[in-house]
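Shown next: model-v2.cif, containing mmCIF, C-alpha atoms.
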data_data
loop_
_atom_site.label_atom_id
_atom_site.label_comp_id
_atom_site.auth_asym_id
_atom_site.auth_seq_id
_atom_site.Cartn_x
_atom_site.Cartn_y
_atom_site.Cartn_z
CA MET A 1 29.56 183.52 84.94
CA GLY A 2 30.04 184.75 81.40
CA GLN A 3 31.83 181.60 80.26
CA GLU A 4 31.21 180.21 76.80
CA LEU A 5 29.45 176.85 76.68
CA PRO A 6 30.96 174.12 74.51
CA GLY A 7 29.29 173.02 71.30
CA VAL A 8 27.37 174.78 68.60
CA GLN A 9 26.92 178.49 69.13
CA PRO A 10 23.27 179.54 69.52
CA THR A 11 21.75 181.81 66.89
CA LEU A 12 18.79 184.11 67.20
CA PHE A 13 15.62 182.92 65.46
CA PHE A 14 13.41 185.87 64.49
CA ALA A 15 10.32 184.69 62.62
CA PRO A 16 9.79 187.84 60.49
CA ALA A 17 13.39 187.67 59.26
CA GLN A 18 13.04 183.95 58.47
CA ILE A 19 9.79 184.59 56.58
CA ALA A 20 11.49 187.31 54.53
CA LYS A 21 14.37 184.95 53.76
CA ARG A 22 12.04 182.15 52.65
CA GLN A 23 9.99 184.55 50.51
CA GLN A 24 13.21 185.59 48.82
CA ASP A 25 14.28 181.94 48.39
CA TRP A 26 10.93 180.60 47.17
CA GLY A 27 9.06 183.68 45.95
CA ALA A 28 5.80 184.90 47.46
CA GLN A 29 3.66 182.22 45.80
CA GLY A 30 6.07 179.41 46.73
CA PHE A 31 6.15 180.62 50.32
CA GLN A 32 2.34 180.72 50.47
CA GLN A 33 2.05 177.21 49.03
CA ARG A 34 4.62 175.72 51.41
CA SER A 35 3.41 177.49 54.52
CA GLY A 36 -0.22 176.65 53.65
CA LYS A 37 0.62 172.97 53.26
CA ALA A 38 2.60 172.98 56.51
CA TRP A 39 -0.35 174.58 58.33
CA LEU A 40 -2.82 172.01 56.97
CA ASP A 41 -0.47 169.18 57.98
CA PHE A 42 -0.19 170.65 61.47
CA VAL A 43 -3.97 171.04 61.85
CA ALA A 44 -4.54 167.44 60.73
CA ARG A 45 -2.08 166.14 63.33
CA ALA A 46 -3.19 168.49 66.09
CA SER A 47 -6.79 167.36 65.79
CA ASN A 48 -5.65 164.06 67.33
CA TRP A 49 -4.39 165.67 70.53
CA ILE A 50 -6.27 168.95 71.02
CA ARG A 51 -9.96 169.58 71.46
CA ILE A 52 -11.41 173.00 70.65
CA VAL A 53 -13.89 174.23 73.25
CA HIS A 54 -16.08 177.21 72.37
CA GLY A 55 -17.38 179.58 75.02
CA HIS A 56 -19.79 182.49 74.66
CA GLY A 57 -20.47 185.41 76.93
CA LEU A 58 -18.67 187.09 79.78
CA ALA A 59 -19.52 184.31 82.25
CA ASP A 60 -17.69 181.71 80.13
CA ILE A 61 -14.71 184.03 79.71
CA GLU A 62 -14.48 184.64 83.45
CA ARG A 63 -14.91 180.93 84.26
CA ILE A 64 -12.12 179.86 81.90
CA TYR A 65 -9.88 182.68 83.13
CA GLN A 66 -10.38 181.65 86.76
CA ASP A 67 -9.93 177.96 85.89
CA THR A 68 -6.66 178.80 84.11
CA LEU A 69 -5.38 180.79 87.10
CA ALA A 70 -6.28 177.92 89.42
CA GLY A 71 -4.67 175.28 87.19
CA ARG A 72 -7.97 173.53 86.46
CA THR A 73 -7.85 173.74 82.66
CA LYS A 74 -6.93 170.65 80.66
CA PRO A 75 -3.74 170.79 78.58
CA ASN A 76 -5.46 169.15 75.61
CA GLU A 77 -8.18 171.81 75.33
CA GLY A 78 -7.95 175.03 73.34
CA HIS A 79 -10.55 177.62 74.30
CA VAL A 80 -12.10 179.93 71.74
CA LEU A 81 -14.05 182.56 73.65
CA SER A 82 -16.42 185.20 72.35
CA PRO A 83 -17.76 188.03 74.52
CA THR A 84 -21.14 187.87 72.80
CA ALA A 85 -23.63 185.19 73.70
#
Same coordinates, now as structure tokens:
Amino acid sequence: MGQELPGVQPTLFFAPAQIAKRQQDWGAQGFQQRSGKAWLDFVARASNWIRIVHGHGLADIERIYQDTLAGRTKPNEGHVLSPTA
């Protein structure tokens, strides 16, 4: 235990620090443009493998919660739940 593993040494990835670095590298506007484009590209690709399912009301929230605990939810579904009907 405590032995070093061979190969490249791991480094900590901390998203806020990386965002600050990229804003410094690219400027605030450049960062916004690049991250916005990356997000749109991700959404376009994700729409091929994830289906958004909307639920409304406490009964839907409880049902999805219980289904998740029991392992009955589908991995290709993303649930957006609202407590109001």
_For a test of reading the model, state the distance in Å between CA of Val80 (chain A) and CA of Ala59 (chain A), rounded to one decimal._
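Computing it gives 13.6 Å between the two atoms.
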*Determine the residue membership of the PyMOL selection byres ((chain A and resi 47-58) around 9) for the file above and supply it as a PyMOL selection string.*
chain A and resi 42-46+59-64+75-85
Output, as JSON, the centre and edge lengths in Å (one decimal) of the axis-aligned box that contains all listed atoms of region 4-18 of chain A with 4 Å of margin on each side.
{"center_x": 20.5, "center_y": 180.4, "center_z": 67.6, "size_x": 29.4, "size_y": 22.8, "size_z": 26.3}
*Point-to-point distance in Å for CA of Trp39 (chain A) and CA of Pro16 (chain A)*: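 Here the two named atoms are 16.8 Å from each other.
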